[in-house]
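Shown next, in structure tokens, is the structure this report addresses.
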Amino acid sequence: MAIDKVRNYLKKWNADGRVLEFEVSSATVELAAQALHCEGKRIAKTLSFDLGDRCILIVTAGDAKIDNAKYKAKFGKKAKMLPAVEVEEKIGHAVGGVCPFAVNENISVYLDESLKRFDTVFPACGSSNSAIEVNMEELEEYSGACEWVDVCKDWAQVES
């Protein structure tokens with residue numbers, strides 16, 4: 001199971017014991033927020049994109065949306081999400097549990113600036129009923145992120 005793969009991967013930081021599993025689904029931002037009793041914007045959603053020659057992941061705040069103009073300026077192509085049926089094979093996790101940890105080789109992970117307004121966020125851990133609470137330094141390290149990017153919209157207006 002992918003959650004076991006993620007737990008094993010997180011052992012190198014002694015973070016495997018921090019993985020949370022729920023009796024209910026956390027497959028969407030709304031469901032994860034309910035399971036964690038937190039605001040949806042603190043859910044770190046991981047989106048999978050097809051760049052043609054490779055796939056990438058972008059981790060964003062739960063209330064952020066991809067800004068097509070910013071995305072194209074950064075990656076040189078129109079934002080094209082991976083079809084759901086291809087996600088598990090290409091990324092290593094199924095839709096609902098996609099996370100930036102223990103992904104397939106040659107997958108670049110980017111972290112969106114929308115996350116930086118929080119002390120901690122909750123990305124999934126490979127299954128549709130899991131998460132881990134991490135701070136920004138941990139998210140950066142555990143995900144092996146190549147860089148922080150600014151490719152989202154709609155979140156700045158709702159900051160508290």
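FYI, nothing fancy with the structure tokens labels: chains A, B, ... in order, residues from 1 per chain, ligands from 1 as they appear.
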* Within 7 Å of Ala145 (chain A), counting only C-alpha atoms, which residues show up once you throw out same-chain ones fewer than 3 positions away? Write them as a PyMOL selection string, please. => chain A and resi 108-111+140-141
For the selection you just gave me, I'd like the residues written to a file as a compact mmCIF listing (two decimals), in the first residue's frame, keeping N, CA and C atoms.
```
# COMPACT_ATOMS: atom_id res chain seq x y z
N SER A 108 9.44 15.93 -10.42
CA SER A 108 9.87 17.14 -9.73
C SER A 108 8.71 17.67 -8.89
N VAL A 109 9.03 18.07 -7.67
CA VAL A 109 8.03 18.61 -6.75
C VAL A 109 8.28 20.11 -6.57
N TYR A 110 7.22 20.89 -6.73
CA TYR A 110 7.26 22.34 -6.53
C TYR A 110 6.30 22.69 -5.40
N LEU A 111 6.67 23.67 -4.58
CA LEU A 111 5.81 24.12 -3.49
C LEU A 111 5.35 25.53 -3.82
N GLU A 140 9.46 21.11 2.75
CA GLU A 140 10.51 21.29 1.74
C GLU A 140 11.49 20.11 1.75
N GLU A 141 11.93 19.74 2.94
CA GLU A 141 12.91 18.65 3.05
C GLU A 141 12.31 17.29 2.70
```
* To do: With a distance cut-off of 12 Å and only C-alpha atoms, select the neighbouring residues of Ser26 (chain A), excluding the residue or stretch itself and same-chain residues fewer than 6 positions from it, and output the selection as a ChimeraX atom specification.
  => /A:20,32-37,40,43-45,95-98,122-132
* Selected residue, from A:Asn8, A:Ser114, A:Asn106, A:Ser143, that lies nearest to Lys65 (chain A) when counting only C-alpha atoms ->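 Looking at the shortest contact to Lys65 (chain A), the residue is A:Ser114.
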* Just give me the gap between CA of Glu21 (chain A) and CA of Asp4 (chain A) in Å, one decimal is fine. => 11.3 Å
* To do: Going by DSSP on the backbone, which bits of region 9-152 of chain A are helix (DSSP H, G or I)? Write them as a ChimeraX atom specification, please.
  => /A:9-13,16-18,29-36,40-42,68-75,84-91,113-117,136-143
* What does the distance between CA of Asp16 (chain A) and CA of Arg117 (chain A) come to in Å, to one decimal place? -> 25.1 Å
* **Proximity to Val29 (chain A) - best of A:Ala64, A:Leu82, A:Val134, A:Ala69, only C-alpha atoms** => A:Ala64
Expected answer as a CSV table (one decimal) with C-alpha atoms, in the first residue's frame: strand (DSSP E or B) residues in chain A:
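Ended up saving to states_32.csv:
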```
chain,number,residue,atom,x,y,z
A,20,LEU,CA,-2.3,10.2,10.8
A,21,GLU,CA,-4.9,7.6,9.6
A,43,ILE,CA,-4.8,21.2,3.6
A,44,ALA,CA,-1.7,20.9,1.3
A,45,LYS,CA,-3.2,19.6,-1.9
A,46,THR,CA,-0.8,17.9,-4.3
A,47,LEU,CA,-1.7,18.4,-8.0
A,48,SER,CA,-0.2,16.3,-10.8
A,49,PHE,CA,0.7,17.9,-14.2
A,50,ASP,CA,1.8,16.6,-17.5
A,55,CYS,CA,5.3,14.9,-14.9
A,56,ILE,CA,5.5,17.4,-12.0
A,57,LEU,CA,3.7,17.9,-8.7
A,58,ILE,CA,2.7,21.2,-7.3
A,59,VAL,CA,1.7,21.4,-3.7
A,60,THR,CA,-0.7,24.3,-2.9
A,61,ALA,CA,-2.8,25.5,-0.1
A,65,LYS,CA,-6.3,27.6,-7.6
A,66,ILE,CA,-3.7,27.3,-10.4
A,81,MET,CA,-3.4,18.0,-15.2
A,108,SER,CA,9.9,17.1,-9.7
A,109,VAL,CA,8.0,18.6,-6.8
A,110,TYR,CA,7.3,22.3,-6.5
A,111,LEU,CA,5.8,24.1,-3.5
A,112,ASP,CA,3.5,27.1,-4.1
A,120,THR,CA,2.0,24.0,9.5
A,121,VAL,CA,-0.1,22.3,6.8
A,122,PHE,CA,-1.5,18.8,6.2
A,123,PRO,CA,-0.5,16.9,3.0
A,130,SER,CA,-4.2,9.9,5.8
A,131,ALA,CA,-2.2,13.0,6.4
A,134,VAL,CA,4.4,19.5,8.8
A,135,ASN,CA,6.0,22.9,8.9
A,147,GLU,CA,11.8,25.2,-5.6
A,148,TRP,CA,9.1,27.4,-4.3
A,149,VAL,CA,6.9,28.8,-7.1
A,152,CYS,CA,-1.7,30.1,-7.9
A,153,LYS,CA,-4.5,32.6,-7.5
```
